[in-house]
$ cat work-v1.tsv   # TSV, C-alpha atoms
chain	number	residue	atom	x	y	z
A	1	MET	CA	-23.54	25.04	-4.26
A	2	SER	CA	-26.43	24.27	-1.97
A	3	ASN	CA	-29.86	25.75	-2.45
A	4	ILE	CA	-32.03	27.78	-0.09
A	5	LEU	CA	-34.47	25.94	2.14
A	6	ILE	CA	-37.64	27.63	3.37
A	7	ILE	CA	-40.18	26.08	5.73
A	8	LEU	CA	-43.44	27.95	6.19
A	9	ILE	CA	-45.25	27.23	9.44
A	10	SER	CA	-49.01	26.69	9.26
A	11	LEU	CA	-51.11	28.91	11.52
A	12	ALA	CA	-53.56	28.06	14.25
A	13	CYS	CA	-56.22	30.77	14.49
A	14	ILE	CA	-57.45	30.77	18.10
A	15	THR	CA	-58.49	33.41	20.58
A	16	ASP	CA	-56.18	32.54	23.47
A	17	PHE	CA	-52.71	34.04	23.43
A	18	GLN	CA	-49.88	32.02	24.95
A	19	GLU	CA	-46.65	33.37	26.31
A	20	ALA	CA	-43.76	33.51	23.88
A	21	PHE	CA	-41.18	30.75	24.08
A	22	SER	CA	-37.90	31.83	25.63
A	23	ILE	CA	-34.65	29.90	25.86
A	24	ASN	CA	-33.91	28.47	29.27
A	25	GLY	CA	-31.48	30.65	31.20
A	26	THR	CA	-28.80	27.96	31.08
A	27	SER	CA	-29.03	27.75	27.30
A	28	SER	CA	-26.99	29.86	24.95
A	29	LEU	CA	-25.99	30.22	21.36
A	30	LYS	CA	-23.15	27.76	21.93
A	31	ILE	CA	-25.59	25.14	23.21
A	32	LEU	CA	-27.78	25.60	20.14
A	33	GLN	CA	-24.74	25.37	17.86
A	34	SER	CA	-23.60	22.20	19.63
A	35	TYR	CA	-27.08	20.74	19.23
A	36	ALA	CA	-27.12	21.60	15.51
A	37	LEU	CA	-23.68	20.00	15.16
A	38	SER	CA	-24.93	16.82	16.86
A	39	LYS	CA	-27.76	16.56	14.31
A	40	ILE	CA	-25.30	16.91	11.42
A	41	ASN	CA	-22.94	14.32	12.87
A	42	THR	CA	-25.75	11.86	13.57
A	43	ASP	CA	-26.74	12.03	9.90
A	44	ARG	CA	-23.12	11.55	8.84
A	45	LEU	CA	-22.47	8.66	11.23
A	46	ASN	CA	-25.64	6.92	10.00
A	47	VAL	CA	-24.03	6.55	6.56
A	48	GLY	CA	-20.55	5.70	7.83
A	49	LEU	CA	-18.92	9.14	7.52
A	50	ASN	CA	-16.58	10.78	10.00
A	51	PRO	CA	-18.10	13.41	12.33
A	52	LEU	CA	-17.25	17.07	11.80
A	53	SER	CA	-15.62	19.43	14.28
A	54	LEU	CA	-17.19	22.80	15.04
A	55	SER	CA	-15.27	25.63	13.37
A	56	ASP	CA	-14.76	28.93	15.19
A	57	ASN	CA	-15.06	30.98	11.98
A	58	LYS	CA	-17.58	33.80	12.59
A	59	ALA	CA	-18.88	34.26	9.04
A	60	ALA	CA	-21.88	31.94	9.48
A	61	GLN	CA	-23.06	33.71	12.65
A	62	TYR	CA	-22.56	37.14	11.05
A	63	HIS	CA	-24.61	36.01	8.07
A	64	ALA	CA	-27.41	34.55	10.22
A	65	SER	CA	-27.67	37.72	12.31
A	66	GLU	CA	-27.90	39.83	9.16
A	67	ILE	CA	-30.63	37.63	7.66
A	68	LEU	CA	-32.66	37.90	10.88
A	69	GLN	CA	-32.79	41.68	10.47
A	70	SER	CA	-34.25	41.52	6.95
A	71	GLU	CA	-35.92	38.07	6.97
A	72	ILE	CA	-34.72	37.75	3.37
A	73	LEU	CA	-33.00	34.38	3.04
A	74	SER	CA	-30.03	34.90	0.74
A	75	HIS	CA	-26.55	33.49	0.17
A	76	TRP	CA	-25.39	37.09	-0.46
A	77	SER	CA	-24.66	39.46	2.41
A	78	LYS	CA	-26.22	42.92	2.29
A	79	ASN	CA	-22.97	44.41	0.99
A	80	GLY	CA	-22.83	41.88	-1.84
A	81	LEU	CA	-20.43	39.29	-0.44
A	82	LYS	CA	-20.79	35.66	-1.45
A	83	PRO	CA	-20.27	33.04	1.30
A	84	TYR	CA	-16.65	32.31	0.40
A	85	MET	CA	-15.82	36.03	0.41
A	86	LEU	CA	-17.36	36.55	3.85
A	87	TYR	CA	-15.64	33.40	5.12
A	88	SER	CA	-12.26	34.62	3.87
A	89	LEU	CA	-12.78	38.07	5.42
A	90	HIS	CA	-13.34	36.31	8.76
A	91	ASN	CA	-9.89	34.71	8.38
A	92	GLY	CA	-11.14	31.44	6.93
A	93	THR	CA	-8.38	29.61	5.07
A	94	GLY	CA	-10.11	26.39	3.98
A	95	TYR	CA	-12.71	25.75	1.30
A	96	VAL	CA	-16.32	26.54	2.23
A	97	GLN	CA	-19.76	25.44	0.96
A	98	GLN	CA	-22.95	26.85	2.46
A	99	ASN	CA	-26.42	25.61	3.40
A	100	ILE	CA	-29.03	28.07	4.64
A	101	GLY	CA	-32.61	27.55	5.77
A	102	GLN	CA	-35.36	29.41	7.57
A	103	ILE	CA	-38.62	28.82	9.39
A	104	SER	CA	-41.09	31.64	8.93
A	105	TYR	CA	-44.81	32.41	9.15
A	106	ILE	CA	-44.73	34.45	5.93
A	107	ASN	CA	-43.40	33.91	2.42
A	108	THR	CA	-40.85	35.87	0.39
A	109	ASP	CA	-43.50	37.96	-1.40
A	110	ASP	CA	-44.79	39.22	1.94
A	111	VAL	CA	-41.25	40.13	3.04
A	112	MET	CA	-40.73	42.09	-0.18
A	113	LYS	CA	-43.84	44.11	0.69
A	114	GLY	CA	-42.25	45.14	3.98
A	115	MET	CA	-43.96	42.63	6.25
A	116	THR	CA	-42.11	40.66	8.93
A	117	SER	CA	-43.12	37.52	10.78
A	118	HIS	CA	-43.55	39.58	13.94
A	119	SER	CA	-45.75	42.23	12.31
A	120	PHE	CA	-47.88	39.52	10.71
A	121	CYS	CA	-48.28	37.48	13.88
A	122	THR	CA	-49.22	40.53	15.97
A	123	SER	CA	-51.45	42.23	13.38
A	124	ASP	CA	-54.69	40.65	14.59
A	125	SER	CA	-55.54	39.70	18.18
A	126	ARG	CA	-57.60	36.78	16.88
A	127	LEU	CA	-54.55	35.29	15.17
A	128	TYR	CA	-52.20	33.08	17.14
A	129	CYS	CA	-48.70	32.18	15.95
A	130	GLU	CA	-47.03	29.66	18.20
A	131	PRO	CA	-43.63	31.05	19.27
A	132	LEU	CA	-40.77	29.03	17.84
A	133	ASP	CA	-38.74	26.58	19.88
A	134	PRO	CA	-35.16	26.90	18.49
A	135	PHE	CA	-34.31	23.26	19.22
A	136	ASP	CA	-37.43	22.12	17.38
A	137	ALA	CA	-36.56	24.51	14.53
A	138	ILE	CA	-33.11	22.92	14.21
A	139	ASP	CA	-34.74	19.47	14.11
A	140	LYS	CA	-37.18	20.52	11.37
A	141	LEU	CA	-34.56	22.17	9.18
A	142	GLU	CA	-32.04	19.33	9.47
A	143	ASN	CA	-34.75	16.77	8.75
A	144	SER	CA	-35.95	18.71	5.69
A	145	MET	CA	-32.41	19.11	4.36
A	146	MET	CA	-31.79	15.39	4.72
A	147	PHE	CA	-35.10	13.77	3.81
A	148	ASP	CA	-37.22	16.31	1.91
A	149	ASP	CA	-34.66	18.06	-0.26
A	150	PHE	CA	-34.94	16.57	-3.74
A	151	LEU	CA	-37.98	18.43	-5.08
A	152	CYS	CA	-36.75	21.72	-3.66
A	153	CYS	CA	-33.04	21.54	-4.31
A	154	HIS	CA	-32.04	18.27	-6.01
A	155	ASP	CA	-30.56	17.08	-2.70
A	156	GLY	CA	-28.07	19.96	-2.63
A	157	HIS	CA	-28.37	20.42	1.15
A	158	LYS	CA	-28.21	16.68	1.80
A	159	ASN	CA	-25.14	16.22	-0.39
A	160	ASN	CA	-23.40	19.06	1.42
A	161	ILE	CA	-24.13	17.55	4.84
A	162	LEU	CA	-22.91	14.13	3.66
A	163	ASN	CA	-19.86	15.32	1.72
A	164	LYS	CA	-17.09	12.97	2.86
A	165	LEU	CA	-14.41	15.61	2.19
A	166	HIS	CA	-15.67	18.10	4.79
A	167	THR	CA	-13.70	18.35	8.04
A	168	ASN	CA	-15.44	21.19	9.93
A	169	VAL	CA	-18.62	23.22	9.98
A	170	SER	CA	-19.35	26.66	11.38
A	171	ILE	CA	-22.96	27.21	12.38
A	172	GLY	CA	-24.88	30.48	12.48
A	173	ILE	CA	-28.19	30.69	14.35
A	174	ALA	CA	-30.43	33.73	14.79
A	175	PHE	CA	-34.10	33.95	15.73
A	176	ASN	CA	-36.93	35.77	17.41
A	177	GLU	CA	-40.36	34.58	18.52
A	178	TYR	CA	-41.65	33.98	15.00
A	179	TYR	CA	-38.62	33.62	12.73
A	180	PHE	CA	-35.61	31.29	12.76
A	181	VAL	CA	-32.60	31.12	10.41
A	182	LEU	CA	-29.83	28.51	10.26
A	183	VAL	CA	-26.55	28.90	8.34
A	184	GLN	CA	-24.22	25.93	7.88
A	185	ASN	CA	-20.77	26.71	6.44
A	186	PHE	CA	-19.07	23.39	5.69
A	187	GLU	CA	-15.28	23.55	5.46
A	188	ASN	CA	-12.44	21.53	3.97
A	189	ASN	CA	-9.38	22.16	6.15
A	190	TYR	CA	-6.45	20.15	4.86
A	191	LEU	CA	-3.80	22.81	4.38
A	192	ARG	CA	-1.90	25.42	6.38
A	193	TYR	CA	-0.41	28.04	4.09
A	194	ASN	CA	0.98	31.53	3.66
A	195	LEU	CA	0.60	33.57	0.49
A	196	SER	CA	2.84	36.59	-0.03
A	197	ASN	CA	3.55	38.98	-2.89
A	198	GLU	CA	7.03	40.27	-3.67
A	199	ASN	CA	7.56	42.42	-6.76
A	200	ASP	CA	4.35	41.08	-8.36
A	201	GLU	CA	5.47	37.49	-7.80
A	202	TYR	CA	3.26	35.41	-5.53
A	203	LEU	CA	4.95	32.99	-3.15
A	204	LEU	CA	2.94	30.14	-1.66
A	205	GLU	CA	4.35	28.14	1.24
A	206	ALA	CA	2.10	25.37	2.51
A	207	LYS	CA	1.95	22.17	4.53
A	208	MET	CA	-0.63	19.39	4.40
A	209	LEU	CA	-2.19	18.98	7.85
A	210	ASP	CA	-2.68	15.22	7.56
A	211	PRO	CA	-0.21	13.39	5.29
A	212	LYS	CA	-2.27	10.21	5.71
A	213	LYS	CA	-4.95	11.73	3.46
A	214	ASN	CA	-2.64	11.13	0.47
A	215	LEU	CA	-3.50	14.46	-1.14
A	216	GLN	CA	-1.19	15.88	-3.79
A	217	LEU	CA	-1.51	19.39	-5.21
A	218	SER	CA	-2.97	19.33	-8.71
A	219	HIS	CA	-3.36	22.99	-9.75
A	220	ILE	CA	-4.47	26.44	-8.59
A	221	SER	CA	-7.56	28.10	-10.05
A	222	PHE	CA	-8.41	31.79	-9.88
A	223	TYR	CA	-12.06	32.84	-10.09
A	224	ILE	CA	-13.20	36.37	-10.86
A	225	ASP	CA	-16.23	38.17	-9.37
A	226	ASN	CA	-17.62	41.66	-9.58
A	227	LEU	CA	-16.80	43.93	-6.68
A	228	PRO	CA	-19.27	43.28	-3.85
A	229	ASN	CA	-21.68	46.12	-3.14
A	230	GLU	CA	-25.33	46.73	-2.34
A	231	ARG	CA	-26.28	46.56	-6.01
A	232	GLU	CA	-24.82	43.02	-6.24
A	233	TYR	CA	-26.99	42.09	-3.27
A	234	GLU	CA	-30.16	43.53	-4.80
A	235	VAL	CA	-29.52	41.75	-8.11
A	236	ASN	CA	-28.76	38.37	-6.55
A	237	LYS	CA	-30.55	38.22	-3.19
A	238	ASN	CA	-33.43	36.03	-4.39
A	239	LYS	CA	-31.31	33.45	-6.22
A	240	LEU	CA	-31.71	29.95	-4.83
A	241	ASN	CA	-28.02	29.10	-5.12
A	242	TYR	CA	-24.61	30.60	-5.79
A	243	SER	CA	-21.38	29.53	-7.45
A	244	MET	CA	-17.78	30.61	-7.76
A	245	GLY	CA	-17.09	33.48	-10.16
A	246	ASP	CA	-15.82	33.06	-13.71
A	247	LEU	CA	-12.72	30.90	-14.03
A	248	GLY	CA	-10.03	33.23	-15.37
A	249	LEU	CA	-6.70	31.53	-14.80
A	250	ILE	CA	-5.13	28.20	-13.83
A	251	VAL	CA	-1.57	27.89	-12.52
A	252	SER	CA	-0.17	24.42	-13.07
A	253	LYS	CA	3.02	22.40	-12.87
A	254	PRO	CA	5.78	23.40	-15.32
A	255	LEU	CA	6.03	21.10	-18.33
A	256	GLU	CA	9.07	19.81	-20.17
A	257	PHE	CA	10.56	22.29	-22.64
A	258	TYR	CA	8.97	20.46	-25.57
A	259	GLU	CA	5.46	20.40	-24.05
A	260	GLN	CA	2.75	23.02	-23.69
A	261	TYR	CA	-0.76	23.23	-22.30
A	262	VAL	CA	-3.70	23.36	-24.70
A	263	GLN	CA	-5.36	26.71	-24.03
A	264	PRO	CA	-9.16	26.72	-23.50
A	265	GLU	CA	-11.25	29.54	-24.94
A	266	SER	CA	-12.70	30.91	-21.70
A	267	TYR	CA	-9.62	30.93	-19.42
A	268	ARG	CA	-5.84	30.60	-19.52
A	269	ILE	CA	-3.38	28.03	-18.18
A	270	ILE	CA	0.09	29.19	-17.18
A	271	GLU	CA	3.05	27.35	-15.72
A	272	ALA	CA	4.28	28.17	-12.22
A	273	GLU	CA	7.68	29.84	-11.94
A	274	ASN	CA	8.57	27.30	-9.26
A	275	TRP	CA	6.76	24.07	-8.32
A	276	ASP	CA	8.48	22.36	-5.40
A	277	ILE	CA	6.51	19.62	-3.64
A	278	LEU	CA	8.23	17.31	-1.17
A	279	ASP	CA	6.16	14.94	0.97
A	280	ASP	CA	3.61	17.15	2.76
A	281	ARG	CA	5.34	20.49	2.03
A	282	ILE	CA	4.59	22.81	-0.88
A	283	ASN	CA	6.62	25.77	-2.17
A	284	LEU	CA	5.35	27.52	-5.28
A	285	SER	CA	5.82	30.83	-7.03
A	286	PHE	CA	3.91	32.35	-9.94
A	287	LYS	CA	3.15	35.64	-11.66
A	288	PHE	CA	-0.10	36.84	-13.13
A	289	PRO	CA	0.14	37.62	-16.87
A	290	ASP	CA	0.53	41.33	-17.63
A	291	ASP	CA	-2.86	41.44	-19.35
A	292	PHE	CA	-4.62	39.77	-16.40
A	293	VAL	CA	-6.05	43.11	-15.21
A	294	LEU	CA	-8.16	42.82	-12.07
A	295	ASN	CA	-8.20	46.24	-10.43
A	296	ASP	CA	-12.00	46.37	-10.38
A	297	ARG	CA	-12.67	42.69	-9.65
A	298	ILE	CA	-12.42	40.19	-6.81
A	299	ILE	CA	-10.03	37.24	-7.19
A	300	THR	CA	-10.58	33.99	-5.29
A	301	MET	CA	-7.81	31.40	-5.17
A	302	VAL	CA	-8.83	27.73	-5.01
A	303	LEU	CA	-6.10	25.13	-4.58
A	304	TYR	CA	-7.10	21.70	-5.85
A	305	ALA	CA	-5.48	18.43	-4.83
A	306	ALA	CA	-5.74	14.99	-6.38
A	307	ASN	CA	-7.19	12.47	-3.97
A	308	LYS	CA	-5.49	9.11	-4.40
A	309	THR	CA	-8.47	7.35	-2.84
A	310	MET	CA	-10.69	5.56	-5.34
A	311	ASN	CA	-13.74	7.54	-6.43
A	312	THR	CA	-16.55	5.05	-5.84
A	313	SER	CA	-19.05	7.18	-7.75
A	314	THR	CA	-17.31	6.42	-11.06
A	315	HIS	CA	-16.55	3.19	-12.86
A	316	ASP	CA	-13.06	1.82	-13.31
A	317	THR	CA	-11.41	2.42	-16.65
A	318	ASP	CA	-10.52	-0.35	-19.10
A	319	GLU	CA	-7.00	-0.32	-17.69
A	320	GLY	CA	-8.35	-1.21	-14.25
A	321	THR	CA	-7.52	2.17	-12.74
A	322	SER	CA	-9.99	4.55	-11.15
A	323	PRO	CA	-10.35	8.28	-11.85
A	324	ARG	CA	-9.01	10.47	-9.06
A	325	GLU	CA	-11.20	12.84	-7.13
A	326	VAL	CA	-10.19	16.49	-7.13
A	327	VAL	CA	-10.43	18.03	-3.66
A	328	PRO	CA	-10.80	21.82	-3.22
A	329	LEU	CA	-8.53	22.95	-0.38
A	330	THR	CA	-9.03	26.73	-0.22
A	331	SER	CA	-11.46	29.49	-1.19
A	332	TYR	CA	-9.20	32.40	-0.35
A	333	VAL	CA	-9.92	35.94	-1.54
A	334	ILE	CA	-6.80	37.76	-2.73
A	335	HIS	CA	-6.81	41.48	-1.93
A	336	ASN	CA	-5.48	43.18	-5.03
A	337	LYS	CA	-4.21	46.76	-4.91
A	338	ALA	CA	-7.56	48.37	-5.64
A	339	VAL	CA	-9.52	46.22	-3.20
A	340	LEU	CA	-8.20	46.74	0.29
A	341	ARG	CA	-11.59	46.35	1.93
A	342	PHE	CA	-15.10	45.41	0.88
A	343	ASP	CA	-17.32	47.92	2.63
$ encode --input "work-v1.tsv" --output "structure tokens"
Amino acid sequence: MSNILIILISLACITDFQEAFSINGTSSLKILQSYALSKINTDRLNVGLNPLSLSDNKAAQYHASEILQSEILSHWSKNGLKPYMLYSLHNGTGYVQQNIGQISYINTDDVMKGMTSHSFCTSDSRLYCEPLDPFDAIDKLENSMMFDDFLCCHDGHKNNILNKLHTNVSIGIAFNEYYFVLVQNFENNYLRYNLSNENDEYLLEAKMLDPKKNLQLSHISFYIDNLPNEREYEVNKNKLNYSMGDLGLIVSKPLEFYEQYVQPESYRIIEAENWDILDDRINLSFKFPDDFVLNDRIITMVLYAANKTMNTSTHDTDEGTSPREVVPLTSYVIHNKAVLRFD
């Protein structure tokens, strides 16, 4: 997952105070989001990738607004939700990967001491902090993510922006005079599906949105996280990146009667009760093992598909074939009986 990006603005200490920057009356959050999208798509088009569409999922904006209140840049929400949990709660059905960045006049240590950019910039009449221009802030953050990301984050932000598998992005923007935060939630939307539970048997009915992508379902993975709460936030809020929870279970295609899956030590592989795939339509059913107890945990379902397109980042095998990419299609949180809501 992508790392956190922080840009600290240098100060100009002068005696004259200038009026704070304010957005033109014709501007709005949608205009800023469209501008941020244009910067992303310019970077993608420059390397030959398809442009992304703006997603209407509200998780990124919720997250940005929450960060603005605390000025603590974190992938975790204040109630302990990871990005894919928050995305799923806002009715997201694809797979999501997050970039976040901020522009601030103070560093994290100052924030932990209770200081804010506003309190710092107004603490001394001799100190002048230039009010932030949100369009300029978007330019600076996008440029840093693309061209100054290796030392900070091993190009995690850049790789997320230039991931050829992404189809959409939802953008969260929140700011005041002296602080700006940007949240980019990149999405893979290849599948429309419905998951239901009847007598402890899960039924998955799905349809590939674009058959031309040549995606074929490979397996379903289930990741396990602690229940989200304020303690989870306090423990994890300063981490520079996040990941899926612990892999607990994989549901895969039924084998012939004389075959069986080799069981890893850290998770289990089970066969689906039904595995019916015809062209772009998918109908599956499966049951969790009786000892797969999850009443006090969060379960996230990730469907993976094999991409028949050649993976250019790997070499061909001796047989002349190329390894297949595995494409994550969902990051959907399953509400088990003990977890009806997260707050």
$ residues_around --input "work-v1.tsv" --residues "A:Asp43" --least-positions-apart "2" --cutoff "8 Å" --atoms "all atoms listed in the file" --output "PyMOL selection string"
chain A and resi 39-41+45-47+146+161-162
$ atom_distance --input "work-v1.tsv" --atom1 "atom CA of A:Tyr242" --atom2 "atom CA of A:Pro83"
8.7 Å
$ residues_around --input "work-v1.tsv" --residues "A:Phe286" --least-positions-apart "3" --cutoff "10 Å" --atoms "all atoms listed in the file" --output "ChimeraX atom specification"
/A:197,200-204,251-252,270-275,289
$ residues_around --input "work-v1.tsv" --residues "A:Met244" --least-positions-apart "2" --cutoff "9 Å" --atoms "only C-alpha atoms" --output "list of chain:residue names"
A:Met1, A:Lys82, A:Tyr84, A:Tyr223, A:Ile224, A:Asp225, A:Tyr242, A:Asp246, A:Leu247, A:Thr300
$ atom_distance --input "work-v1.tsv" --atom1 "atom CA of A:Thr116" --atom2 "atom CA of A:Phe135"
21.7 Å
$ closest_atom_pairs --input "work-v1.tsv" --of "stretch 124-227 of chain A" --to "stretch 55-73 of chain A" --cutoff "12 Å" --atoms "only C-alpha atoms" --output "JSON lines"
{"residue": "A:His166", "atom": "CA", "partner": "A:Ser55", "partner_atom": "CA", "distance": 11.4}
{"residue": "A:Thr167", "atom": "CA", "partner": "A:Ser55", "partner_atom": "CA", "distance": 9.2}
{"residue": "A:Asn168", "atom": "CA", "partner": "A:Ser55", "partner_atom": "CA", "distance": 5.6}
{"residue": "A:Val169", "atom": "CA", "partner": "A:Ser55", "partner_atom": "CA", "distance": 5.3}
{"residue": "A:Ser170", "atom": "CA", "partner": "A:Ser55", "partner_atom": "CA", "distance": 4.7}
{"residue": "A:Ile171", "atom": "CA", "partner": "A:Ala60", "partner_atom": "CA", "distance": 5.7}
{"residue": "A:Gly172", "atom": "CA", "partner": "A:Gln61", "partner_atom": "CA", "distance": 3.7}
{"residue": "A:Ile173", "atom": "CA", "partner": "A:Ala64", "partner_atom": "CA", "distance": 5.7}
{"residue": "A:Ala174", "atom": "CA", "partner": "A:Ser65", "partner_atom": "CA", "distance": 5.4}
{"residue": "A:Phe175", "atom": "CA", "partner": "A:Leu68", "partner_atom": "CA", "distance": 6.4}
{"residue": "A:Asn176", "atom": "CA", "partner": "A:Leu68", "partner_atom": "CA", "distance": 8.1}
{"residue": "A:Glu177", "atom": "CA", "partner": "A:Leu68", "partner_atom": "CA", "distance": 11.3}
{"residue": "A:Tyr178", "atom": "CA", "partner": "A:Leu68", "partner_atom": "CA", "distance": 10.6}
{"residue": "A:Tyr179", "atom": "CA", "partner": "A:Leu68", "partner_atom": "CA", "distance": 7.6}
{"residue": "A:Phe180", "atom": "CA", "partner": "A:Leu68", "partner_atom": "CA", "distance": 7.5}
{"residue": "A:Val181", "atom": "CA", "partner": "A:Ala64", "partner_atom": "CA", "distance": 6.2}
{"residue": "A:Leu182", "atom": "CA", "partner": "A:Ala64", "partner_atom": "CA", "distance": 6.5}
{"residue": "A:Val183", "atom": "CA", "partner": "A:Ala60", "partner_atom": "CA", "distance": 5.7}
{"residue": "A:Gln184", "atom": "CA", "partner": "A:Ala60", "partner_atom": "CA", "distance": 6.6}
{"residue": "A:Asn185", "atom": "CA", "partner": "A:Ala60", "partner_atom": "CA", "distance": 6.2}
{"residue": "A:Phe186", "atom": "CA", "partner": "A:Ser55", "partner_atom": "CA", "distance": 8.9}
{"residue": "A:Glu187", "atom": "CA", "partner": "A:Ser55", "partner_atom": "CA", "distance": 8.2}
{"residue": "A:Asn188", "atom": "CA", "partner": "A:Ser55", "partner_atom": "CA", "distance": 10.6}
{"residue": "A:Asn189", "atom": "CA", "partner": "A:Ser55", "partner_atom": "CA", "distance": 9.9}
$ atom_distance --input "work-v1.tsv" --atom1 "atom CA of A:Lys287" --atom2 "atom CA of A:Glu198"
10.0 Å
$ residues_near_point --input "work-v1.tsv" --point "(2.7, 22.9, 4.1)" --cutoff "8 Å" --atoms "only C-alpha atoms" --output "PDB file with C-alpha atoms, in the frame of the given file"
ATOM      1  CA  LEU A 191      -3.800  22.810   4.380  1.00  0.00           C
ATOM      2  CA  ARG A 192      -1.900  25.420   6.380  1.00  0.00           C
ATOM      3  CA  TYR A 193      -0.410  28.040   4.090  1.00  0.00           C
ATOM      4  CA  GLU A 205       4.350  28.140   1.240  1.00  0.00           C
ATOM      5  CA  ALA A 206       2.100  25.370   2.510  1.00  0.00           C
ATOM      6  CA  LYS A 207       1.950  22.170   4.530  1.00  0.00           C
ATOM      7  CA  MET A 208      -0.630  19.390   4.400  1.00  0.00           C
ATOM      8  CA  LEU A 209      -2.190  18.980   7.850  1.00  0.00           C
ATOM      9  CA  ASP A 280       3.610  17.150   2.760  1.00  0.00           C
ATOM     10  CA  ARG A 281       5.340  20.490   2.030  1.00  0.00           C
ATOM     11  CA  ILE A 282       4.590  22.810  -0.880  1.00  0.00           C
ATOM     12  CA  ASN A 283       6.620  25.770  -2.170  1.00  0.00           C
TER      13      ASN A 283
END
$ closest_residue --input "work-v1.tsv" --among "A:Arg231, A:Leu249, A:Leu329, A:Asn307" --to "A:Phe292" --atoms "all atoms listed in the file"
A:Leu249
$ residues_around --input "work-v1.tsv" --residues "A:Thr122" --least-positions-apart "4" --cutoff "12 Å" --atoms "all atoms listed in the file" --output "JSON, numbers by chain"
{"A": [17, 20, 105, 115, 116, 117, 118, 126, 127, 128, 129, 130, 131, 177, 178]}
$ closest_residue --input "work-v1.tsv" --among "A:Leu54, A:Val293, A:Leu284, A:Ser74" --to "A:Asn194" --atoms "only C-alpha atoms"
A:Leu284
$ decode --input "work-v1.tsv" --residues "stretch 287-299 of chain A" --atoms "N, CA, C and O atoms" --output "PDB file, in the first residue's frame"
ATOM      1  N   LYS A 287     -18.949 -22.410   1.969  1.00  0.00           N
ATOM      2  CA  LYS A 287     -19.217 -22.333   3.400  1.00  0.00           C
ATOM      3  C   LYS A 287     -17.905 -22.152   4.143  1.00  0.00           C
ATOM      4  O   LYS A 287     -16.899 -22.768   3.797  1.00  0.00           O
ATOM      5  N   PHE A 288     -17.937 -21.308   5.173  1.00  0.00           N
ATOM      6  CA  PHE A 288     -16.772 -21.203   6.029  1.00  0.00           C
ATOM      7  C   PHE A 288     -16.645 -22.474   6.869  1.00  0.00           C
ATOM      8  O   PHE A 288     -17.660 -23.025   7.318  1.00  0.00           O
ATOM      9  N   PRO A 289     -15.431 -22.957   7.116  1.00  0.00           N
ATOM     10  CA  PRO A 289     -15.251 -24.106   8.007  1.00  0.00           C
ATOM     11  C   PRO A 289     -15.816 -23.808   9.396  1.00  0.00           C
ATOM     12  O   PRO A 289     -15.838 -22.656   9.840  1.00  0.00           O
ATOM     13  N   ASP A 290     -16.272 -24.835  10.077  1.00  0.00           N
ATOM     14  CA  ASP A 290     -16.889 -24.658  11.398  1.00  0.00           C
ATOM     15  C   ASP A 290     -15.942 -24.004  12.396  1.00  0.00           C
ATOM     16  O   ASP A 290     -16.385 -23.278  13.295  1.00  0.00           O
ATOM     17  N   ASP A 291     -14.643 -24.272  12.265  1.00  0.00           N
ATOM     18  CA  ASP A 291     -13.686 -23.711  13.226  1.00  0.00           C
ATOM     19  C   ASP A 291     -13.141 -22.353  12.783  1.00  0.00           C
ATOM     20  O   ASP A 291     -12.222 -21.823  13.398  1.00  0.00           O
ATOM     21  N   PHE A 292     -13.710 -21.798  11.718  1.00  0.00           N
ATOM     22  CA  PHE A 292     -13.305 -20.469  11.246  1.00  0.00           C
ATOM     23  C   PHE A 292     -14.145 -19.439  12.001  1.00  0.00           C
ATOM     24  O   PHE A 292     -15.079 -18.848  11.479  1.00  0.00           O
ATOM     25  N   VAL A 293     -13.812 -19.225  13.282  1.00  0.00           N
ATOM     26  CA  VAL A 293     -14.603 -18.390  14.178  1.00  0.00           C
ATOM     27  C   VAL A 293     -14.157 -16.932  14.054  1.00  0.00           C
ATOM     28  O   VAL A 293     -12.994 -16.609  14.269  1.00  0.00           O
ATOM     29  N   LEU A 294     -15.117 -16.049  13.748  1.00  0.00           N
ATOM     30  CA  LEU A 294     -14.760 -14.667  13.450  1.00  0.00           C
ATOM     31  C   LEU A 294     -15.673 -13.656  14.131  1.00  0.00           C
ATOM     32  O   LEU A 294     -15.789 -12.519  13.685  1.00  0.00           O
ATOM     33  N   ASN A 295     -16.308 -14.042  15.214  1.00  0.00           N
ATOM     34  CA  ASN A 295     -17.285 -13.158  15.841  1.00  0.00           C
ATOM     35  C   ASN A 295     -16.688 -11.849  16.334  1.00  0.00           C
ATOM     36  O   ASN A 295     -17.384 -10.853  16.461  1.00  0.00           O
ATOM     37  N   ASP A 296     -15.404 -11.828  16.642  1.00  0.00           N
ATOM     38  CA  ASP A 296     -14.788 -10.610  17.159  1.00  0.00           C
ATOM     39  C   ASP A 296     -13.759 -10.043  16.187  1.00  0.00           C
ATOM     40  O   ASP A 296     -12.850  -9.329  16.582  1.00  0.00           O
ATOM     41  N   ARG A 297     -13.896 -10.371  14.903  1.00  0.00           N
ATOM     42  CA  ARG A 297     -12.950  -9.895  13.898  1.00  0.00           C
ATOM     43  C   ARG A 297     -13.696  -9.333  12.690  1.00  0.00           C
ATOM     44  O   ARG A 297     -14.890  -9.534  12.524  1.00  0.00           O
ATOM     45  N   ILE A 298     -12.954  -8.638  11.845  1.00  0.00           N
ATOM     46  CA  ILE A 298     -13.478  -8.117  10.583  1.00  0.00           C
ATOM     47  C   ILE A 298     -12.966  -8.988   9.444  1.00  0.00           C
ATOM     48  O   ILE A 298     -11.779  -9.314   9.384  1.00  0.00           O
ATOM     49  N   ILE A 299     -13.848  -9.368   8.533  1.00  0.00           N
ATOM     50  CA  ILE A 299     -13.472 -10.187   7.388  1.00  0.00           C
ATOM     51  C   ILE A 299     -13.583  -9.346   6.117  1.00  0.00           C
ATOM     52  O   ILE A 299     -14.618  -8.723   5.872  1.00  0.00           O
TER      53      ILE A 299
END
